[in-house]
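Undergrad: A single structure is presented below for examination.
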Amino acid sequence: MPIFARPTAASILAAMAFGSIAFAPGLPARAEPGHERVALAHSDLATDANRSGPVIRAAIPRRALARLPRLASLIAKGNAIRIVAFGSSSTEGSGASSPATTYPAQLQRDLEARLSLTGAEHSAVTVLNRGKGGDDSEAMARRLERDVLADKPDLVIWQTGSNDPMSGVSVERFSELTRAGILAMRATGADVVLMDQQWCRKLQATDGAERYGTALHAIASELNVPVIRRNALMRAWAAQGVLSASQMIGPDGLHMTDAGYDRLARAATAQLLANAGLPPDASSQN
């Protein structure tokens with residue numbers, strides 16, 4: 001029986017550069033349960049007087065709560081946590097009033113505050129913003145080594161799939177690059193979480209845009225990668241009267257506002273801690 005070497009980040013990136021990748025994912029495919037969901041509270045921090053609002057319970061598929069072993073280990077040991085937020089304009093912070101109100105900046109503050117509330121030994125959290133406006137999966141593949149892998153992150157949150165339908169990258173190529181990127185990140189020992197498309201009128205008006213969201217979730221299910229389900233979260237916030245569509249998305253119909261990034265950071269914080277194995281009541285305490 002032939003023996004195959006485990007792919008390294010370098011070998012996967014080299015394959016990506018040639019535009020054709022064939023590999024076995026190495027993890028069993030898992031079908032997403034149709035109705036098996038977990039309610040996870042996205043509450044405000046009691047320590048932050050500037051943030052208030054109702055406790056919102058969003059239904060998250062159990063697959064999305066897959067454990068993040070590296071993050072779980074670092075939290076348990078009280079070690080420093082290094083996160084790279086990788087993506088396009090939603091990560092960079094287009095539409096935010098300042099760098100401090102982007103979702104990665106707010107995520108860093110929220111994670112540190114939530115970890116201090118769990119009673120666990122405090123872990124210092126660093127979230128590096130590696131978003132670049134306008135990037136599609138082709139552009140992100142070209143800078144993956146420099147902007148992600150070189151930082152040696154413990155966790156990568158990869159926001160992708162919004163620009164591809166507008167820039168002409170095919171769904172097949174998007175899927176190929178997304179799958180390869182996840183494997184390259186994991187080959188370094190990092191945990192990976194995906195973030196799907198924002199809910200906005202610009203994407204709703206783009207033919208076939210929903211196919212990229214479907215492809216992202218299919219890859220996540222195949223490789224057992226948790227997903228921050230931004231699209232579903234935004235729809236839930238609107239339906240529950242937490243934020244209207246115009247309060248979440250700016251006048252350009254594409255980019256999130258400070259209020260939208262605030263909610264996104266809190267939702268991401270709650271889910272990451274649940275992914276790392278903290279009980280929902282501990283990871284979302286008032």
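Chain labels run A, B, ... following the order of the structure tokens; each chain numbers its residues from 1, and ligands are numbered from 1 in the order shown.
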Give the alpha helix (DSSP H) residues of range 100-180 of chain A, as DSSP finds them on the backbone, and put them as a PyMOL selection string.
TA: chain A and resi 103-117+137-147+164-167+171-180
Undergrad: Only C-alpha atoms, please: the residues just picked out, written as a CSV table (one decimal), in the first residue's frame.
TA:
```csv
chain,number,residue,atom,x,y,z
A,103,TYR,CA,-15.3,43.8,14.0
A,104,PRO,CA,-11.8,42.5,14.7
A,105,ALA,CA,-11.0,45.3,17.1
A,106,GLN,CA,-14.3,44.8,19.0
A,107,LEU,CA,-13.8,41.0,18.9
A,108,GLN,CA,-10.5,41.4,20.7
A,109,ARG,CA,-12.1,43.5,23.5
A,110,ASP,CA,-15.1,41.2,23.8
A,111,LEU,CA,-13.1,38.0,24.0
A,112,GLU,CA,-10.8,39.3,26.7
A,113,ALA,CA,-13.8,40.6,28.7
A,114,ARG,CA,-15.8,37.4,28.3
A,115,LEU,CA,-12.8,35.2,29.3
A,116,SER,CA,-12.4,37.3,32.4
A,117,LEU,CA,-16.0,36.6,33.3
A,137,SER,CA,-10.7,34.3,-3.2
A,138,GLU,CA,-8.0,34.6,-5.9
A,139,ALA,CA,-6.6,37.8,-4.2
A,140,MET,CA,-6.7,36.2,-0.8
A,141,ALA,CA,-5.0,33.1,-2.0
A,142,ARG,CA,-2.1,35.2,-3.3
A,143,ARG,CA,-1.5,36.8,0.1
A,144,LEU,CA,-2.4,33.9,2.4
A,145,GLU,CA,1.3,33.1,3.2
A,146,ARG,CA,2.3,36.7,3.9
A,147,ASP,CA,-0.8,37.9,5.7
A,164,ASP,CA,-16.4,36.5,-5.8
A,165,PRO,CA,-19.9,36.7,-7.3
A,166,MET,CA,-19.2,40.4,-8.2
A,167,SER,CA,-15.6,39.9,-9.5
A,171,VAL,CA,-18.1,29.0,-7.8
A,172,GLU,CA,-15.9,26.0,-8.7
A,173,ARG,CA,-12.7,28.1,-8.4
A,174,PHE,CA,-14.0,29.7,-5.2
A,175,SER,CA,-14.6,26.3,-3.7
A,176,GLU,CA,-11.2,25.0,-4.8
A,177,LEU,CA,-9.3,27.9,-3.3
A,178,THR,CA,-11.4,27.9,-0.1
A,179,ARG,CA,-10.8,24.2,0.5
A,180,ALA,CA,-7.1,24.5,-0.2
```
Undergrad: Neighbours of range 76-79 of chain A within 12 Å (only C-alpha atoms; same-chain residues fewer than 5 positions away dropped), as a PyMOL selection string?
TA: chain A and resi 69-71+112+115-116+118-126+154+273+276-278
Undergrad: Near Asp191 in chain A, within 10 Å and counting only C-alpha atoms, which residues show up once chain neighbours fewer than 4 positions away are dropped, as a PyMOL selection string?
TA: chain A and resi 67-72+83+153-157+182+185-187+225-226
Undergrad: So, counting only C-alpha atoms, which residue among A:Gly250, A:Gly189, A:Gly161, A:Gly181 is closest to Arg211 in chain A?
TA: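 Going through A:Gly250, A:Gly189, A:Gly161, A:Gly181 one by one, the smallest distance to Arg211 in chain A is for A:Gly161.
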Undergrad: So that I can check the secondary structure, give me every residue of range 91-230 of chain A assigned strand (DSSP E or B) by backbone DSSP, as an MDAnalysis selection string.
TA: chainID A and resid 125:131 155:159 191:195 227:228
Undergrad: Store the residues picked out above in a file with N, CA, C and O atoms, as a PDB file, in the first residue's frame.
TA:
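Here's the written file part_27.pdb:
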```pdb
ATOM      1  N   VAL A 125      -5.530  38.236  24.575  1.00  0.00           N
ATOM      2  CA  VAL A 125      -6.024  37.983  23.223  1.00  0.00           C
ATOM      3  C   VAL A 125      -5.515  39.072  22.291  1.00  0.00           C
ATOM      4  O   VAL A 125      -5.636  40.261  22.573  1.00  0.00           O
ATOM      5  N   THR A 126      -4.947  38.669  21.163  1.00  0.00           N
ATOM      6  CA  THR A 126      -4.556  39.585  20.102  1.00  0.00           C
ATOM      7  C   THR A 126      -5.286  39.189  18.837  1.00  0.00           C
ATOM      8  O   THR A 126      -5.219  38.028  18.420  1.00  0.00           O
ATOM      9  N   VAL A 127      -6.011  40.133  18.238  1.00  0.00           N
ATOM     10  CA  VAL A 127      -6.687  39.880  16.969  1.00  0.00           C
ATOM     11  C   VAL A 127      -6.050  40.789  15.917  1.00  0.00           C
ATOM     12  O   VAL A 127      -6.130  42.015  16.017  1.00  0.00           O
ATOM     13  N   LEU A 128      -5.398  40.187  14.944  1.00  0.00           N
ATOM     14  CA  LEU A 128      -4.741  40.922  13.874  1.00  0.00           C
ATOM     15  C   LEU A 128      -5.709  41.084  12.706  1.00  0.00           C
ATOM     16  O   LEU A 128      -6.273  40.102  12.226  1.00  0.00           O
ATOM     17  N   ASN A 129      -5.906  42.316  12.258  1.00  0.00           N
ATOM     18  CA  ASN A 129      -6.825  42.586  11.153  1.00  0.00           C
ATOM     19  C   ASN A 129      -6.074  42.440   9.835  1.00  0.00           C
ATOM     20  O   ASN A 129      -5.216  43.245   9.505  1.00  0.00           O
ATOM     21  N   ARG A 130      -6.413  41.402   9.095  1.00  0.00           N
ATOM     22  CA  ARG A 130      -5.807  41.147   7.790  1.00  0.00           C
ATOM     23  C   ARG A 130      -6.883  41.162   6.705  1.00  0.00           C
ATOM     24  O   ARG A 130      -6.901  40.330   5.808  1.00  0.00           O
ATOM     25  N   GLY A 131      -7.781  42.134   6.821  1.00  0.00           N
ATOM     26  CA  GLY A 131      -8.792  42.322   5.792  1.00  0.00           C
ATOM     27  C   GLY A 131      -8.308  43.310   4.747  1.00  0.00           C
ATOM     28  O   GLY A 131      -7.565  44.250   5.053  1.00  0.00           O
ATOM     29  N   LEU A 155      -5.628  30.767  15.672  1.00  0.00           N
ATOM     30  CA  LEU A 155      -6.963  30.681  15.091  1.00  0.00           C
ATOM     31  C   LEU A 155      -7.052  31.661  13.934  1.00  0.00           C
ATOM     32  O   LEU A 155      -6.579  32.785  14.031  1.00  0.00           O
ATOM     33  N   VAL A 156      -7.664  31.230  12.839  1.00  0.00           N
ATOM     34  CA  VAL A 156      -7.958  32.110  11.711  1.00  0.00           C
ATOM     35  C   VAL A 156      -9.462  32.169  11.529  1.00  0.00           C
ATOM     36  O   VAL A 156     -10.129  31.128  11.459  1.00  0.00           O
ATOM     37  N   ILE A 157      -9.999  33.384  11.483  1.00  0.00           N
ATOM     38  CA  ILE A 157     -11.404  33.582  11.134  1.00  0.00           C
ATOM     39  C   ILE A 157     -11.401  34.104   9.703  1.00  0.00           C
ATOM     40  O   ILE A 157     -10.940  35.218   9.446  1.00  0.00           O
ATOM     41  N   TRP A 158     -11.904  33.298   8.786  1.00  0.00           N
ATOM     42  CA  TRP A 158     -11.819  33.629   7.366  1.00  0.00           C
ATOM     43  C   TRP A 158     -13.189  34.047   6.847  1.00  0.00           C
ATOM     44  O   TRP A 158     -14.075  33.240   6.705  1.00  0.00           O
ATOM     45  N   GLN A 159     -13.328  35.335   6.580  1.00  0.00           N
ATOM     46  CA  GLN A 159     -14.556  35.902   5.998  1.00  0.00           C
ATOM     47  C   GLN A 159     -14.366  35.935   4.491  1.00  0.00           C
ATOM     48  O   GLN A 159     -13.463  36.588   3.972  1.00  0.00           O
ATOM     49  N   ASP A 191      -6.412  26.534  14.292  1.00  0.00           N
ATOM     50  CA  ASP A 191      -7.840  26.300  14.137  1.00  0.00           C
ATOM     51  C   ASP A 191      -8.369  27.242  13.067  1.00  0.00           C
ATOM     52  O   ASP A 191      -7.812  28.338  12.852  1.00  0.00           O
ATOM     53  N   VAL A 192      -9.461  26.864  12.418  1.00  0.00           N
ATOM     54  CA  VAL A 192     -10.061  27.687  11.367  1.00  0.00           C
ATOM     55  C   VAL A 192     -11.564  27.793  11.587  1.00  0.00           C
ATOM     56  O   VAL A 192     -12.230  26.803  11.908  1.00  0.00           O
ATOM     57  N   VAL A 193     -12.071  29.006  11.441  1.00  0.00           N
ATOM     58  CA  VAL A 193     -13.512  29.273  11.448  1.00  0.00           C
ATOM     59  C   VAL A 193     -13.813  30.094  10.202  1.00  0.00           C
ATOM     60  O   VAL A 193     -13.056  31.006   9.859  1.00  0.00           O
ATOM     61  N   LEU A 194     -14.891  29.764   9.506  1.00  0.00           N
ATOM     62  CA  LEU A 194     -15.323  30.538   8.346  1.00  0.00           C
ATOM     63  C   LEU A 194     -16.414  31.527   8.749  1.00  0.00           C
ATOM     64  O   LEU A 194     -17.133  31.307   9.720  1.00  0.00           O
ATOM     65  N   MET A 195     -16.527  32.607   7.984  1.00  0.00           N
ATOM     66  CA  MET A 195     -17.631  33.557   8.148  1.00  0.00           C
ATOM     67  C   MET A 195     -18.277  33.750   6.782  1.00  0.00           C
ATOM     68  O   MET A 195     -17.594  34.032   5.795  1.00  0.00           O
ATOM     69  N   VAL A 227     -18.772  27.654  11.296  1.00  0.00           N
ATOM     70  CA  VAL A 227     -19.104  28.833  10.493  1.00  0.00           C
ATOM     71  C   VAL A 227     -19.808  29.864  11.363  1.00  0.00           C
ATOM     72  O   VAL A 227     -20.762  29.540  12.068  1.00  0.00           O
ATOM     73  N   ILE A 228     -19.322  31.095  11.304  1.00  0.00           N
ATOM     74  CA  ILE A 228     -20.070  32.214  11.883  1.00  0.00           C
ATOM     75  C   ILE A 228     -21.100  32.603  10.829  1.00  0.00           C
ATOM     76  O   ILE A 228     -20.767  33.148   9.769  1.00  0.00           O
TER      77      ILE A 228
END
```
Undergrad: Write out as a ChimeraX atom specification each polymer residue whose atoms come within 6 Å of Ser88 in chain A, counting only C-alpha atoms; drop sequence neighbours fewer than 2 positions from it.
TA: /A:90-91,131-135
Undergrad: Residues of the last selection are to be written out with N, CA, C and O atoms, as a PDB file, in the first residue's frame.
TA:
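Saved the output as result_29.pdb:
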```pdb
ATOM      1  N   SER A  90     -15.292  43.624   4.806  1.00  0.00           N
ATOM      2  CA  SER A  90     -16.014  43.437   6.067  1.00  0.00           C
ATOM      3  C   SER A  90     -15.053  43.240   7.226  1.00  0.00           C
ATOM      4  O   SER A  90     -15.363  43.593   8.364  1.00  0.00           O
ATOM      5  N   THR A  91     -13.908  42.641   6.936  1.00  0.00           N
ATOM      6  CA  THR A  91     -12.892  42.448   7.965  1.00  0.00           C
ATOM      7  C   THR A  91     -12.054  43.704   8.133  1.00  0.00           C
ATOM      8  O   THR A  91     -11.777  44.145   9.253  1.00  0.00           O
ATOM      9  N   GLY A 131      -7.781  42.134   6.821  1.00  0.00           N
ATOM     10  CA  GLY A 131      -8.792  42.322   5.792  1.00  0.00           C
ATOM     11  C   GLY A 131      -8.308  43.310   4.747  1.00  0.00           C
ATOM     12  O   GLY A 131      -7.565  44.250   5.053  1.00  0.00           O
ATOM     13  N   LYS A 132      -8.728  43.117   3.514  1.00  0.00           N
ATOM     14  CA  LYS A 132      -8.371  44.021   2.423  1.00  0.00           C
ATOM     15  C   LYS A 132      -9.570  44.189   1.515  1.00  0.00           C
ATOM     16  O   LYS A 132     -10.042  43.228   0.901  1.00  0.00           O
ATOM     17  N   GLY A 133     -10.080  45.409   1.464  1.00  0.00           N
ATOM     18  CA  GLY A 133     -11.267  45.687   0.676  1.00  0.00           C
ATOM     19  C   GLY A 133     -11.138  45.266  -0.770  1.00  0.00           C
ATOM     20  O   GLY A 133     -10.109  45.496  -1.406  1.00  0.00           O
ATOM     21  N   GLY A 134     -12.203  44.653  -1.297  1.00  0.00           N
ATOM     22  CA  GLY A 134     -12.242  44.244  -2.692  1.00  0.00           C
ATOM     23  C   GLY A 134     -11.682  42.875  -2.987  1.00  0.00           C
ATOM     24  O   GLY A 134     -11.837  42.357  -4.102  1.00  0.00           O
ATOM     25  N   ASP A 135     -11.031  42.242  -2.019  1.00  0.00           N
ATOM     26  CA  ASP A 135     -10.408  40.942  -2.260  1.00  0.00           C
ATOM     27  C   ASP A 135     -11.439  39.849  -2.505  1.00  0.00           C
ATOM     28  O   ASP A 135     -12.411  39.721  -1.748  1.00  0.00           O
TER      29      ASP A 135
END
```
Undergrad: Using only C-alpha atoms for the distances, tell me which of A:Asp207, A:Leu74, A:Ser94, A:Asn275 is nearest to Asn224 in chain A.
TA: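 Checking each of A:Asp207, A:Leu74, A:Ser94, A:Asn275 against Asn224 in chain A, counting only C-alpha atoms, the winner is A:Asn275.
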